[in-house]
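Novice: Next comes final-v9.txt, compact mmCIF, C-alpha atoms and all ligand atoms:
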```txt
# COMPACT_ATOMS: atom_id res chain seq x y z
CA MET A 887 5.16 0.24 8.45
CA THR A 888 4.75 -0.15 12.15
CA ARG A 889 4.47 -3.64 13.42
CA GLY A 890 1.99 -2.85 16.14
CA ARG A 891 4.30 -3.79 18.95
CA GLY A 892 4.49 -1.18 21.67
CA ARG A 893 1.31 0.34 20.31
CA PRO A 894 -0.07 3.16 22.51
CA ARG A 895 -2.79 1.89 24.79
CA PRO A 896 -6.34 2.56 23.56
CA ILE A 897 -7.46 6.05 24.43
CA LEU A 898 -10.38 4.87 26.54
CA GLU A 899 -8.09 2.76 28.66
CA ARG A 900 -5.62 5.61 29.10
CA THR A 901 -8.36 8.08 30.01
CA LEU A 902 -9.82 5.74 32.58
CA ALA A 903 -6.39 4.93 33.97
CA SER A 904 -5.50 8.61 34.38
CA ALA A 905 -8.86 9.43 35.88
CA LEU A 906 -8.77 6.58 38.35
CA SER A 907 -5.20 7.20 39.42
CA GLY A 908 -5.88 10.96 39.79
CA ARG A 909 -2.86 11.94 37.71
CA TRP A 910 -4.69 14.33 35.42
CA HIS A 911 -3.15 17.70 36.38
CA GLY A 912 -1.44 18.11 39.72
CA GLY A 913 -3.37 19.93 42.46
CA ALA A 914 -6.94 19.42 41.25
CA ASN A 915 -9.50 17.65 43.36
CA PRO A 916 -9.25 13.93 42.56
CA ARG A 917 -13.05 13.67 42.47
CA ASP A 918 -13.42 16.31 39.76
CA ILE A 919 -10.68 14.57 37.90
CA SER A 920 -12.47 11.25 38.01
CA ALA A 921 -15.71 12.88 36.91
CA PHE A 922 -13.90 14.59 34.04
CA GLY A 923 -12.22 11.36 33.12
CA LEU A 924 -15.52 9.55 33.19
CA LEU A 925 -17.13 12.15 30.90
CA LEU A 926 -14.25 11.80 28.50
CA ALA A 927 -14.58 8.05 28.62
CA ILE A 928 -18.29 8.30 27.83
CA PHE A 929 -17.50 10.64 24.94
CA PHE A 930 -14.95 8.26 23.46
CA PHE A 931 -17.22 5.31 24.00
CA ALA A 932 -19.97 7.09 22.09
CA GLN A 933 -17.50 7.76 19.27
CA ALA A 934 -16.57 4.11 19.19
CA VAL A 935 -20.23 3.09 19.01
CA ARG A 936 -20.72 5.46 16.08
CA VAL A 937 -17.87 3.74 14.29
CA TRP A 938 -19.27 0.29 15.01
CA ALA A 939 -22.66 1.38 13.84
CA GLY A 940 -21.05 2.15 10.52
CA ASN A 941 -22.24 5.75 10.26
CA ALA A 942 -18.91 7.33 11.12
CA ASP A 943 -17.51 10.10 8.97
CA SER A 944 -15.70 8.89 5.91
CA ASP A 945 -12.34 10.09 7.26
CA VAL A 946 -12.07 7.08 9.56
CA ALA A 947 -9.05 5.35 8.07
CA LEU A 948 -9.99 1.81 7.11
CA PRO A 949 -7.30 -0.07 5.21
CA LYS A 950 -7.59 0.13 1.43
CA PHE A 951 -8.22 -2.63 -1.07
CA LEU A 952 -5.45 -2.38 -3.67
CA GLY A 953 -6.67 -4.85 -6.31
CA ALA A 954 -5.27 -8.10 -7.70
CA GLN A 955 -2.69 -6.43 -9.92
CA SER A 956 -0.71 -5.51 -6.78
CA CYS A 957 -0.12 -9.26 -6.22
CA SER A 958 0.50 -10.17 -9.84
CA ALA A 959 4.20 -9.43 -10.45
CA SER A 960 6.01 -12.54 -11.63
CA SER A 961 8.43 -12.30 -8.71
CA CYS A 962 5.45 -12.23 -6.33
CA HIS A 963 2.31 -14.33 -6.96
CA GLY A 964 2.11 -14.09 -10.75
CA GLY A 965 4.94 -16.49 -11.54
CA ALA A 966 4.99 -20.09 -12.59
CA GLY A 967 6.75 -21.95 -9.78
CA ASN A 968 5.25 -23.41 -6.67
CA ASN A 969 4.33 -20.74 -4.16
CA ARG A 970 4.69 -17.98 -6.76
CA ASN A 971 1.72 -18.91 -8.90
CA GLN A 972 -1.32 -17.90 -6.83
CA TYR A 973 -2.31 -15.07 -9.16
CA THR A 974 -1.78 -17.33 -12.14
CA VAL A 975 -3.98 -20.07 -10.68
CA TRP A 976 -6.70 -17.65 -9.65
CA SER A 977 -6.83 -15.75 -12.93
CA ALA A 978 -6.68 -18.82 -15.14
CA HIS A 979 -8.70 -21.40 -13.21
CA ASP A 980 -10.61 -20.05 -10.24
CA PHE A 981 -14.32 -19.40 -10.80
CA HIS A 982 -13.98 -16.47 -8.39
CA HIS A 983 -12.13 -14.55 -11.07
CA LEU A 984 -14.28 -12.90 -13.77
CA ARG A 985 -17.12 -15.43 -13.54
CA PRO A 986 -19.10 -13.98 -10.59
CA TYR A 987 -19.25 -10.55 -12.19
CA ALA A 988 -19.87 -11.93 -15.68
CA THR A 989 -22.81 -13.88 -14.23
CA LEU A 990 -24.49 -10.57 -13.45
CA GLU A 991 -24.49 -9.75 -17.15
CA THR A 992 -26.28 -12.92 -18.23
CA ALA A 993 -29.91 -13.20 -19.34
CA ARG A 994 -30.65 -15.21 -16.20
CA SER A 995 -29.48 -12.34 -13.99
CA GLU A 996 -31.45 -9.89 -16.07
CA ARG A 997 -34.60 -11.92 -15.45
CA LEU A 998 -33.84 -12.09 -11.73
CA ALA A 999 -33.36 -8.33 -11.62
CA GLU A 1000 -36.61 -7.75 -13.48
CA VAL A 1001 -38.61 -9.79 -10.98
CA LEU A 1002 -36.89 -7.95 -8.12
CA ARG A 1003 -37.15 -4.56 -9.87
CA ILE A 1004 -33.60 -3.60 -9.03
CA GLY A 1005 -32.44 -2.27 -12.39
CA ASN A 1006 -29.03 -3.36 -13.66
CA PRO A 1007 -27.87 -6.31 -11.52
CA ALA A 1008 -24.21 -5.52 -12.23
CA GLN A 1009 -24.75 -2.12 -10.60
CA ASN A 1010 -26.88 -3.21 -7.68
CA GLN A 1011 -25.40 -3.96 -4.28
CA ARG A 1012 -27.93 -6.70 -3.62
CA CYS A 1013 -26.01 -8.69 -6.21
CA THR A 1014 -22.53 -7.19 -6.20
CA VAL A 1015 -22.05 -7.78 -2.48
CA CYS A 1016 -21.22 -11.39 -3.45
CA HIS A 1017 -20.62 -11.25 -7.22
CA GLY A 1018 -18.47 -8.09 -7.40
CA PRO A 1019 -17.65 -7.16 -3.81
CA PHE A 1020 -15.35 -4.22 -4.70
CA HIS A 1021 -18.53 -2.46 -5.85
CA THR A 1022 -19.75 -2.32 -2.26
CA VAL A 1023 -16.51 -0.96 -0.79
CA ARG A 1024 -16.71 2.74 0.10
CA SER A 1025 -14.95 4.82 -2.55
CA GLY A 1026 -12.23 6.09 -0.21
CA GLN A 1027 -11.32 2.52 0.68
CA LEU A 1028 -10.80 1.32 -2.89
CA SER A 1029 -7.64 2.07 -4.86
CA GLN A 1030 -8.13 3.10 -8.47
CA ALA A 1031 -6.37 -0.03 -9.65
CA ALA A 1032 -8.95 -2.32 -8.03
CA LYS A 1033 -11.58 -3.30 -10.60
CA ILE A 1034 -15.09 -4.45 -9.79
CA SER A 1035 -14.88 -6.84 -12.72
CA GLU A 1036 -12.17 -8.77 -10.85
CA GLY A 1037 -15.05 -10.58 -9.19
CA VAL A 1038 -14.08 -12.17 -5.90
CA SER A 1039 -10.50 -10.97 -5.67
CA CYS A 1040 -7.53 -11.90 -3.49
CA GLU A 1041 -8.35 -9.31 -0.85
CA ASN A 1042 -12.00 -10.35 -0.58
CA CYS A 1043 -10.68 -13.52 1.03
CA HIS A 1044 -7.30 -12.40 2.40
CA GLY A 1045 -8.33 -8.94 3.67
CA PRO A 1046 -7.55 -5.42 2.40
CA ALA A 1047 -3.82 -5.25 1.73
CA GLU A 1048 -2.88 -1.64 2.39
CA ASN A 1049 -1.37 -2.29 5.81
CA TRP A 1050 0.31 -5.60 5.11
CA LEU A 1051 1.32 -5.53 1.43
CA ARG A 1052 4.80 -4.12 2.03
CA GLY A 1053 5.55 -5.94 5.23
CA HIS A 1054 4.25 -9.42 4.47
CA THR A 1055 7.34 -10.44 2.50
CA ARG A 1056 9.78 -9.45 5.23
CA PRO A 1057 11.77 -12.48 6.31
CA ASP A 1058 11.54 -11.42 9.95
CA TRP A 1059 7.72 -11.36 9.87
CA SER A 1060 6.00 -14.38 11.30
CA HIS A 1061 2.53 -15.48 10.24
CA GLU A 1062 1.26 -13.80 13.44
CA ASP A 1063 2.88 -10.49 12.45
CA ARG A 1064 1.08 -10.60 9.12
CA VAL A 1065 -2.22 -11.39 10.75
CA HIS A 1066 -1.62 -8.56 13.21
CA ALA A 1067 -1.17 -6.18 10.25
CA GLY A 1068 -4.55 -7.26 8.85
CA LEU A 1069 -3.92 -10.30 6.68
CA ARG A 1070 -6.86 -12.58 7.36
CA ASP A 1071 -5.82 -15.77 9.09
CA LEU A 1072 -7.22 -18.25 6.57
CA ARG A 1073 -5.05 -21.02 8.01
CA ASN A 1074 -7.45 -20.95 10.91
CA LEU A 1075 -10.30 -23.17 9.72
CA TYR A 1076 -12.90 -21.25 11.68
CA VAL A 1077 -11.84 -17.97 10.06
CA ARG A 1078 -11.68 -19.65 6.67
CA ALA A 1079 -15.15 -21.15 6.97
CA ASN A 1080 -16.60 -17.80 8.03
CA THR A 1081 -15.01 -16.15 5.00
CA CYS A 1082 -16.70 -18.56 2.60
CA VAL A 1083 -19.99 -18.60 4.50
CA ALA A 1084 -20.35 -14.85 4.05
CA CYS A 1085 -21.16 -15.48 0.38
CA HIS A 1086 -22.05 -19.15 0.21
CA GLN A 1087 -24.54 -19.75 2.96
CA ASN A 1088 -27.70 -17.67 2.65
CA VAL A 1089 -29.32 -15.66 -0.02
CA ASP A 1090 -32.35 -13.54 0.88
CA SER A 1091 -35.62 -15.39 0.37
CA ASP A 1092 -36.93 -12.88 -2.19
CA LEU A 1093 -33.82 -13.55 -4.32
CA GLN A 1094 -34.39 -17.25 -4.09
CA GLN A 1095 -38.06 -16.89 -4.95
CA ALA A 1096 -37.06 -14.83 -7.96
CA GLY A 1097 -34.97 -17.77 -9.17
CA HIS A 1098 -31.53 -17.42 -7.59
CA PRO A 1099 -29.97 -20.85 -6.98
CA GLU A 1100 -30.25 -22.04 -3.41
CA LEU A 1101 -26.93 -21.72 -1.61
CA ILE A 1102 -25.66 -24.73 0.24
CA PHE A 1103 -22.42 -24.42 2.10
CA GLU A 1104 -20.05 -27.28 2.72
CA LEU A 1105 -16.51 -26.09 3.24
CA ASP A 1106 -15.19 -29.57 2.78
CA GLY A 1107 -16.66 -29.95 -0.71
CA GLN A 1108 -16.22 -26.35 -1.80
CA ALA A 1109 -12.68 -26.02 -0.47
CA VAL A 1110 -11.77 -29.09 -2.46
CA SER A 1111 -13.44 -27.82 -5.65
CA GLN A 1112 -11.73 -24.44 -5.40
CA PRO A 1113 -8.57 -24.77 -7.51
CA ARG A 1114 -5.87 -24.95 -4.89
CA HIS A 1115 -3.35 -22.10 -4.85
CA TRP A 1116 -1.78 -23.13 -1.58
CA SER A 1117 0.43 -25.98 -0.52
CA ARG A 1118 -1.21 -29.09 0.83
CA SER A 1119 0.52 -28.57 4.15
CA ALA A 1120 -1.62 -25.45 4.60
CA ASP A 1121 -4.67 -27.71 4.59
CA LYS A 1122 -6.16 -29.85 7.27
CA PRO A 1123 -7.66 -33.28 6.70
CA GLY A 1124 -11.20 -33.35 5.30
CA PRO A 1125 -13.22 -34.46 8.33
CA GLN A 1126 -11.81 -31.63 10.43
CA ILE A 1127 -12.72 -29.05 7.77
CA TRP A 1128 -16.17 -30.57 7.52
CA LEU A 1129 -16.81 -30.37 11.27
CA VAL A 1130 -15.68 -26.74 11.50
CA ALA A 1131 -17.80 -25.87 8.47
CA GLN A 1132 -20.91 -27.46 9.91
CA ALA A 1133 -20.36 -25.63 13.21
CA VAL A 1134 -19.98 -22.29 11.43
CA ALA A 1135 -22.99 -22.93 9.20
CA LEU A 1136 -25.34 -23.58 12.16
C1 LIG B 1201 -17.21 -12.28 -1.78
C2 LIG B 1201 -18.00 -13.49 -1.95
C3 LIG B 1201 -17.34 -14.85 -1.96
C4 LIG B 1201 -16.43 -15.39 -1.08
C5 LIG B 1201 -15.79 -14.69 0.12
C6 LIG B 1201 -16.21 -16.74 -1.49
N1 LIG B 1201 -16.94 -17.03 -2.60
FE1 LIG B 1201 -16.97 -18.82 -3.63
N2 LIG B 1201 -18.19 -17.96 -5.06
C7 LIG B 1201 -18.75 -16.70 -4.98
C8 LIG B 1201 -19.64 -16.50 -6.12
C9 LIG B 1201 -20.45 -15.25 -6.39
C10 LIG B 1201 -19.60 -17.69 -6.89
C11 LIG B 1201 -20.40 -18.01 -8.15
C12 LIG B 1201 -19.66 -17.69 -9.40
C13 LIG B 1201 -20.64 -17.75 -10.58
O1 LIG B 1201 -20.91 -18.85 -11.08
O2 LIG B 1201 -21.14 -16.70 -10.98
C14 LIG B 1201 -18.67 -18.60 -6.20
C15 LIG B 1201 -18.33 -19.88 -6.61
C16 LIG B 1201 -17.64 -20.82 -5.86
C17 LIG B 1201 -17.50 -22.21 -6.22
C18 LIG B 1201 -18.03 -22.88 -7.49
C19 LIG B 1201 -19.52 -23.06 -7.40
C20 LIG B 1201 -19.93 -23.98 -6.28
O3 LIG B 1201 -20.64 -23.48 -5.35
O4 LIG B 1201 -19.57 -25.16 -6.28
C21 LIG B 1201 -16.78 -22.81 -5.20
C22 LIG B 1201 -16.38 -24.27 -5.11
C23 LIG B 1201 -16.46 -21.78 -4.21
N3 LIG B 1201 -17.02 -20.58 -4.66
C24 LIG B 1201 -15.75 -21.98 -3.05
C25 LIG B 1201 -15.43 -20.98 -2.13
C26 LIG B 1201 -14.61 -21.18 -0.94
C27 LIG B 1201 -14.01 -22.50 -0.52
C28 LIG B 1201 -14.52 -19.97 -0.31
C29 LIG B 1201 -13.79 -19.63 0.96
C30 LIG B 1201 -12.37 -19.94 0.99
C31 LIG B 1201 -15.26 -19.00 -1.11
N4 LIG B 1201 -15.80 -19.66 -2.19
C32 LIG B 1201 -15.39 -17.64 -0.80
C33 LIG B 1201 -18.54 -15.76 -3.99
C34 LIG B 1201 -17.65 -15.89 -2.93
C1 LIG B 1202 -25.07 -14.09 -0.57
C2 LIG B 1202 -24.27 -13.99 -1.77
C3 LIG B 1202 -24.99 -13.80 -3.09
C4 LIG B 1202 -25.85 -12.78 -3.45
C5 LIG B 1202 -26.35 -11.62 -2.58
C6 LIG B 1202 -26.20 -13.02 -4.82
N1 LIG B 1202 -25.57 -14.15 -5.28
FE1 LIG B 1202 -25.80 -15.02 -7.11
N2 LIG B 1202 -24.67 -16.61 -6.52
C7 LIG B 1202 -23.96 -16.69 -5.34
C8 LIG B 1202 -23.21 -17.93 -5.32
C9 LIG B 1202 -22.29 -18.41 -4.20
C10 LIG B 1202 -23.52 -18.61 -6.52
C11 LIG B 1202 -23.01 -19.98 -6.96
C12 LIG B 1202 -23.99 -21.02 -6.50
C13 LIG B 1202 -23.63 -22.40 -6.94
O1 LIG B 1202 -23.08 -22.57 -8.04
O2 LIG B 1202 -23.92 -23.33 -6.17
C14 LIG B 1202 -24.44 -17.74 -7.24
C15 LIG B 1202 -25.00 -18.06 -8.48
C16 LIG B 1202 -25.75 -17.19 -9.24
C17 LIG B 1202 -26.28 -17.49 -10.56
C18 LIG B 1202 -26.14 -18.82 -11.31
C19 LIG B 1202 -24.84 -18.83 -12.05
C20 LIG B 1202 -24.68 -20.07 -12.88
O3 LIG B 1202 -24.13 -19.94 -13.97
O4 LIG B 1202 -25.07 -21.14 -12.42
C21 LIG B 1202 -26.90 -16.35 -11.02
C22 LIG B 1202 -27.59 -16.13 -12.36
C23 LIG B 1202 -26.79 -15.35 -9.97
N3 LIG B 1202 -26.10 -15.91 -8.92
C24 LIG B 1202 -27.26 -14.05 -10.05
C25 LIG B 1202 -27.39 -13.19 -8.97
C26 LIG B 1202 -28.11 -11.93 -9.01
C27 LIG B 1202 -28.75 -11.33 -10.24
C28 LIG B 1202 -28.06 -11.41 -7.73
C29 LIG B 1202 -28.74 -10.15 -7.23
C30 LIG B 1202 -30.17 -10.07 -7.44
C31 LIG B 1202 -27.30 -12.35 -6.91
N4 LIG B 1202 -26.91 -13.39 -7.71
C32 LIG B 1202 -27.03 -12.18 -5.57
C33 LIG B 1202 -23.96 -15.75 -4.33
C34 LIG B 1202 -24.80 -14.65 -4.25
C1 LIG B 1203 -12.10 -17.47 -2.50
C2 LIG B 1203 -11.10 -17.09 -1.54
C3 LIG B 1203 -9.69 -16.81 -2.00
C4 LIG B 1203 -9.29 -15.99 -3.04
C5 LIG B 1203 -10.15 -15.22 -4.01
C6 LIG B 1203 -7.85 -16.00 -3.02
N1 LIG B 1203 -7.39 -16.80 -2.01
FE1 LIG B 1203 -5.42 -17.16 -1.52
N2 LIG B 1203 -6.00 -18.55 -0.15
C7 LIG B 1203 -7.31 -18.87 0.16
C8 LIG B 1203 -7.30 -20.00 1.08
C9 LIG B 1203 -8.53 -20.65 1.67
C10 LIG B 1203 -5.95 -20.33 1.33
C11 LIG B 1203 -5.40 -21.50 2.20
C12 LIG B 1203 -5.13 -21.07 3.60
C13 LIG B 1203 -3.78 -20.47 3.76
O1 LIG B 1203 -2.80 -21.17 3.49
O2 LIG B 1203 -3.67 -19.30 4.13
C14 LIG B 1203 -5.15 -19.39 0.54
C15 LIG B 1203 -3.76 -19.36 0.53
C16 LIG B 1203 -3.01 -18.41 -0.12
C17 LIG B 1203 -1.56 -18.26 0.01
C18 LIG B 1203 -0.68 -19.11 0.91
C19 LIG B 1203 -0.04 -20.23 0.09
C20 LIG B 1203 0.61 -21.31 0.93
O3 LIG B 1203 0.92 -22.33 0.36
O4 LIG B 1203 0.78 -21.09 2.14
C21 LIG B 1203 -1.19 -17.22 -0.80
C22 LIG B 1203 0.21 -16.68 -1.01
C23 LIG B 1203 -2.40 -16.72 -1.45
N3 LIG B 1203 -3.48 -17.46 -1.02
C24 LIG B 1203 -2.44 -15.68 -2.35
C25 LIG B 1203 -3.58 -15.30 -3.08
C26 LIG B 1203 -3.57 -14.35 -4.18
C27 LIG B 1203 -2.34 -13.59 -4.67
C28 LIG B 1203 -4.86 -14.26 -4.64
C29 LIG B 1203 -5.39 -13.47 -5.81
C30 LIG B 1203 -4.67 -13.56 -7.05
C31 LIG B 1203 -5.67 -15.14 -3.80
N4 LIG B 1203 -4.86 -15.75 -2.88
C32 LIG B 1203 -7.05 -15.29 -3.92
C33 LIG B 1203 -8.44 -18.23 -0.32
C34 LIG B 1203 -8.48 -17.33 -1.37
```
Represent the structure contained in this file as structure tokens.
Ligand code: HEC
Ligand code: HEC
Ligand code: HEC

Specialist:
Amino acid sequence: MTRGRGRPRPILERTLASALSGRWHGGANPRDISAFGLLLAIFFFAQAVRVWAGNADSDVALPKFLGAQSCSASSCHGGAGNNRNQYTVWSAHDFHHLRPYATLETARSERLAEVLRIGNPAQNQRCTVCHGPFHTVRSGQLSQAAKISEGVSCENCHGPAENWLRGHTRPDWSHEDRVHAGLRDLRNLYVRANTCVACHQNVDSDLQQAGHPELIFELDGQAVSQPRHWSRSADKPGPQIWLVAQAVAL
């Protein structure tokens, strides 16, 4: 696992730097070199835009989701003691486990799906994007162990674990190192609120007209109702959470 320090500079930056400093190959006309560099830069920029637009080829290596079982060993987060029991709390008490996906198999969801004419709600991304988010992850980015029926799983809040799973227990890793490797910085209230808002803020108006409950987001209230699997010191006082949440929800 590399820690990202001393990472090579982004290719665009290097191309531009070489072009501008005229160090491409010795002897060539610096103007041609700049023009060549510029063309290259445009090419790489176009590639980057393709990636952002989300229609890149599937070989672009996005980190994989590994599934909750990769956190569940009793020496990791599946134990009983403080700070080892996150999996235990989530699987036994959190309504993000099992319930969101099970909801899609209820008669109420069936009725919703009928009105919307979307077939089986448990197999339709209009529903699974929030109720079974592993269903909407591209197949190459989902490990076989990750199950859609997990509902809203660890990595749906904490970020796909492939690049940080091994490293995040290293004693010499700081919180910043983990975040750098892709662990989502949920200690940051703004990041945390945005994570919840993605599923708790808005539901398309046709879903609501079809009978989906209206979604109202209040991080303060919802963060308190979510069975806590973190130490209190990781939390900020209520009013501060509330203010951040309202700002994010605007
Ligand atoms: C990937 C989508 C997703 C994310 C991210 C998510 N939730 Fe949820 N959450 C759901 C779904 C879906 C339900 C409804 C479960 C059901 O009843 O079927 C739910 C239910 C809840 C409930 C119980 C019902 C309610 O609204 O009172 C609380 C509280 C809650 N979530 C809090 C949070 C908090 C706090 C965060 C951010 C730290 C969060 N959720 C992030 C999808 C998500
Ligand atoms: C934007 C995210 C999102 C999408 C998309 C979404 N849901 Fe939900 N759904 C939620 C959340 C969050 C709750 C919990 C609301 C609460 O309890 O306040 C919920 C609650 C429900 C409930 C009520 C559960 C209960 O027991 O009270 C049903 C039924 C439901 N959703 C079905 C569906 C179906 C069917 C679809 C697709 C047509 C769908 N949802 C799409 C986020 C979403
Ligand atoms: C609905 C979103 C959500 C889900 C699902 C979720 N977490 Fe968390 N988790 C949070 C939030 C919010 C915090 C508090 C912020 C922090 O300390 O990073 C947190 C904190 C933590 C912490 C830090 C504990 C501490 O005291 O510092 C660990 C470890 C953790 N979660 C592991 C897990 C594991 C393992 C799972 C799955 C079994 C899981 N989480 C599922 C939102 C979630």

Novice: Give as a ChimeraX atom specification each residue that has an atom at most 10 Å from (-10.2, -10.7, 6.2) in the file, counting all atoms listed in the file.

Specialist: /A:1041-1047,1065,1068-1072,1077-1078,1080-1081

Novice: Residues within 8 Å of ligand LIG 1202 (chain B) should be enumerated using all atoms listed in the file and returned as a ChimeraX atom specification.

Specialist: /A:986,989-990,992-999,1002,1004,1007-1008,1010-1017,1084-1090,1093,1098-1102

Novice: Would you put the residues from that selection into a file with C-alpha atoms, as a PDB file, keeping the file's coordinate frame?

Specialist:
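For reference, selection-v4.pdb as written:
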```pdb
ATOM      1  CA  PRO A 986     -19.100 -13.980 -10.590  1.00  0.00           C
ATOM      2  CA  THR A 989     -22.810 -13.880 -14.230  1.00  0.00           C
ATOM      3  CA  LEU A 990     -24.490 -10.570 -13.450  1.00  0.00           C
ATOM      4  CA  THR A 992     -26.280 -12.920 -18.230  1.00  0.00           C
ATOM      5  CA  ALA A 993     -29.910 -13.200 -19.340  1.00  0.00           C
ATOM      6  CA  ARG A 994     -30.650 -15.210 -16.200  1.00  0.00           C
ATOM      7  CA  SER A 995     -29.480 -12.340 -13.990  1.00  0.00           C
ATOM      8  CA  GLU A 996     -31.450  -9.890 -16.070  1.00  0.00           C
ATOM      9  CA  ARG A 997     -34.600 -11.920 -15.450  1.00  0.00           C
ATOM     10  CA  LEU A 998     -33.840 -12.090 -11.730  1.00  0.00           C
ATOM     11  CA  ALA A 999     -33.360  -8.330 -11.620  1.00  0.00           C
ATOM     12  CA  LEU A1002     -36.890  -7.950  -8.120  1.00  0.00           C
ATOM     13  CA  ILE A1004     -33.600  -3.600  -9.030  1.00  0.00           C
ATOM     14  CA  PRO A1007     -27.870  -6.310 -11.520  1.00  0.00           C
ATOM     15  CA  ALA A1008     -24.210  -5.520 -12.230  1.00  0.00           C
ATOM     16  CA  ASN A1010     -26.880  -3.210  -7.680  1.00  0.00           C
ATOM     17  CA  GLN A1011     -25.400  -3.960  -4.280  1.00  0.00           C
ATOM     18  CA  ARG A1012     -27.930  -6.700  -3.620  1.00  0.00           C
ATOM     19  CA  CYS A1013     -26.010  -8.690  -6.210  1.00  0.00           C
ATOM     20  CA  THR A1014     -22.530  -7.190  -6.200  1.00  0.00           C
ATOM     21  CA  VAL A1015     -22.050  -7.780  -2.480  1.00  0.00           C
ATOM     22  CA  CYS A1016     -21.220 -11.390  -3.450  1.00  0.00           C
ATOM     23  CA  HIS A1017     -20.620 -11.250  -7.220  1.00  0.00           C
ATOM     24  CA  ALA A1084     -20.350 -14.850   4.050  1.00  0.00           C
ATOM     25  CA  CYS A1085     -21.160 -15.480   0.380  1.00  0.00           C
ATOM     26  CA  HIS A1086     -22.050 -19.150   0.210  1.00  0.00           C
ATOM     27  CA  GLN A1087     -24.540 -19.750   2.960  1.00  0.00           C
ATOM     28  CA  ASN A1088     -27.700 -17.670   2.650  1.00  0.00           C
ATOM     29  CA  VAL A1089     -29.320 -15.660  -0.020  1.00  0.00           C
ATOM     30  CA  ASP A1090     -32.350 -13.540   0.880  1.00  0.00           C
ATOM     31  CA  LEU A1093     -33.820 -13.550  -4.320  1.00  0.00           C
ATOM     32  CA  HIS A1098     -31.530 -17.420  -7.590  1.00  0.00           C
ATOM     33  CA  PRO A1099     -29.970 -20.850  -6.980  1.00  0.00           C
ATOM     34  CA  GLU A1100     -30.250 -22.040  -3.410  1.00  0.00           C
ATOM     35  CA  LEU A1101     -26.930 -21.720  -1.610  1.00  0.00           C
ATOM     36  CA  ILE A1102     -25.660 -24.730   0.240  1.00  0.00           C
TER      37      ILE A1102
END
```

Novice: For the atom pair atom CA of A:Ser1091 and atom CA of A:His1021, what is the interatomic distance in Å to one decimal place?

Specialist: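 Atom-to-atom, atom CA of A:Ser1091 to atom CA of A:His1021, that is 22.3 Å.
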
Novice: Neighbourhood query: residues within 12 Å of (3.6, -10.6, 12.2), file coordinates, counting all atoms listed in the file; return as a list in words.

Specialist: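 Every polymer residue passing the test: Met887, Thr888, Arg889, Gly890, Arg891, Asn1049, Trp1050, Gly1053, His1054, Thr1055, Arg1056, Pro1057, Asp1058, Trp1059, Ser1060, His1061, Glu1062, Asp1063, Arg1064, Val1065, His1066, Ala1067, Gly1068, Leu1069, Arg1070 and Asp1071 of chain A.
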
Novice: With ligand LIG 1203 (chain B) as the partner and 9 Å as the cut-off, tabulate the residues of chain A that qualify, each row holding the nearest pair of atoms and their distance in Å to one decimal, using all atoms listed in the file, sorted by chain and rising number, as a Markdown table.

Specialist:
```
| residue | atom | partner | partner_atom | distance |
| --- | --- | --- | --- | --- |
| A:Gly953 | CA | B:LIG1203 | C29 | 8.7 |
| A:Ala954 | CA | B:LIG1203 | C30 | 5.5 |
| A:Gln955 | CA | B:LIG1203 | C30 | 7.9 |
| A:Ser956 | CA | B:LIG1203 | C27 | 8.5 |
| A:Cys957 | CA | B:LIG1203 | C27 | 5.1 |
| A:Ser958 | CA | B:LIG1203 | C30 | 6.8 |
| A:Cys962 | CA | B:LIG1203 | C27 | 8.1 |
| A:His963 | CA | B:LIG1203 | C27 | 5.2 |
| A:Gly964 | CA | B:LIG1203 | C27 | 7.6 |
| A:Asn968 | CA | B:LIG1203 | O3 | 8.3 |
| A:Asn969 | CA | B:LIG1203 | O3 | 5.9 |
| A:Arg970 | CA | B:LIG1203 | C22 | 7.4 |
| A:Asn971 | CA | B:LIG1203 | C27 | 7.9 |
| A:Gln972 | CA | B:LIG1203 | C27 | 4.9 |
| A:Tyr973 | CA | B:LIG1203 | C30 | 3.5 |
| A:Thr974 | CA | B:LIG1203 | C30 | 7.0 |
| A:Val975 | CA | B:LIG1203 | C30 | 7.5 |
| A:Trp976 | CA | B:LIG1203 | C30 | 5.3 |
| A:Ser977 | CA | B:LIG1203 | C30 | 6.6 |
| A:Asp980 | CA | B:LIG1203 | C5 | 7.9 |
| A:Phe981 | CA | B:LIG1203 | C1 | 8.8 |
| A:His982 | CA | B:LIG1203 | C5 | 6.0 |
| A:His983 | CA | B:LIG1203 | C5 | 7.4 |
| A:Gly1037 | CA | B:LIG1203 | C5 | 8.5 |
| A:Val1038 | CA | B:LIG1203 | C5 | 5.3 |
| A:Ser1039 | CA | B:LIG1203 | C5 | 4.6 |
| A:Cys1040 | CA | B:LIG1203 | C32 | 3.5 |
| A:Glu1041 | CA | B:LIG1203 | C32 | 6.8 |
| A:Asn1042 | CA | B:LIG1203 | C5 | 6.2 |
| A:Cys1043 | CA | B:LIG1203 | C2 | 4.4 |
| A:His1044 | CA | B:LIG1203 | N1 | 6.2 |
| A:Arg1070 | CA | B:LIG1203 | O2 | 8.1 |
| A:Asp1071 | CA | B:LIG1203 | O2 | 6.5 |
| A:Leu1072 | CA | B:LIG1203 | O2 | 4.4 |
| A:Arg1073 | CA | B:LIG1203 | C12 | 4.4 |
| A:Asn1074 | CA | B:LIG1203 | C12 | 7.7 |
| A:Leu1075 | CA | B:LIG1203 | C12 | 8.3 |
| A:Arg1078 | CA | B:LIG1203 | C9 | 6.0 |
| A:Ala1079 | CA | B:LIG1203 | C9 | 8.5 |
| A:Thr1081 | CA | B:LIG1203 | C2 | 7.7 |
| A:Cys1082 | CA | B:LIG1203 | C1 | 7.0 |
| A:Ala1109 | CA | B:LIG1203 | C9 | 7.1 |
| A:Gln1112 | CA | B:LIG1203 | C1 | 7.6 |
| A:Arg1114 | CA | B:LIG1203 | C10 | 7.7 |
| A:His1115 | CA | B:LIG1203 | C16 | 6.0 |
| A:Trp1116 | CA | B:LIG1203 | O3 | 3.4 |
| A:Ser1117 | CA | B:LIG1203 | O3 | 3.8 |
| A:Arg1118 | CA | B:LIG1203 | O3 | 7.1 |
| A:Ser1119 | CA | B:LIG1203 | O3 | 7.3 |
| A:Ala1120 | CA | B:LIG1203 | O1 | 4.6 |
| A:Asp1121 | CA | B:LIG1203 | C11 | 6.7 |
```
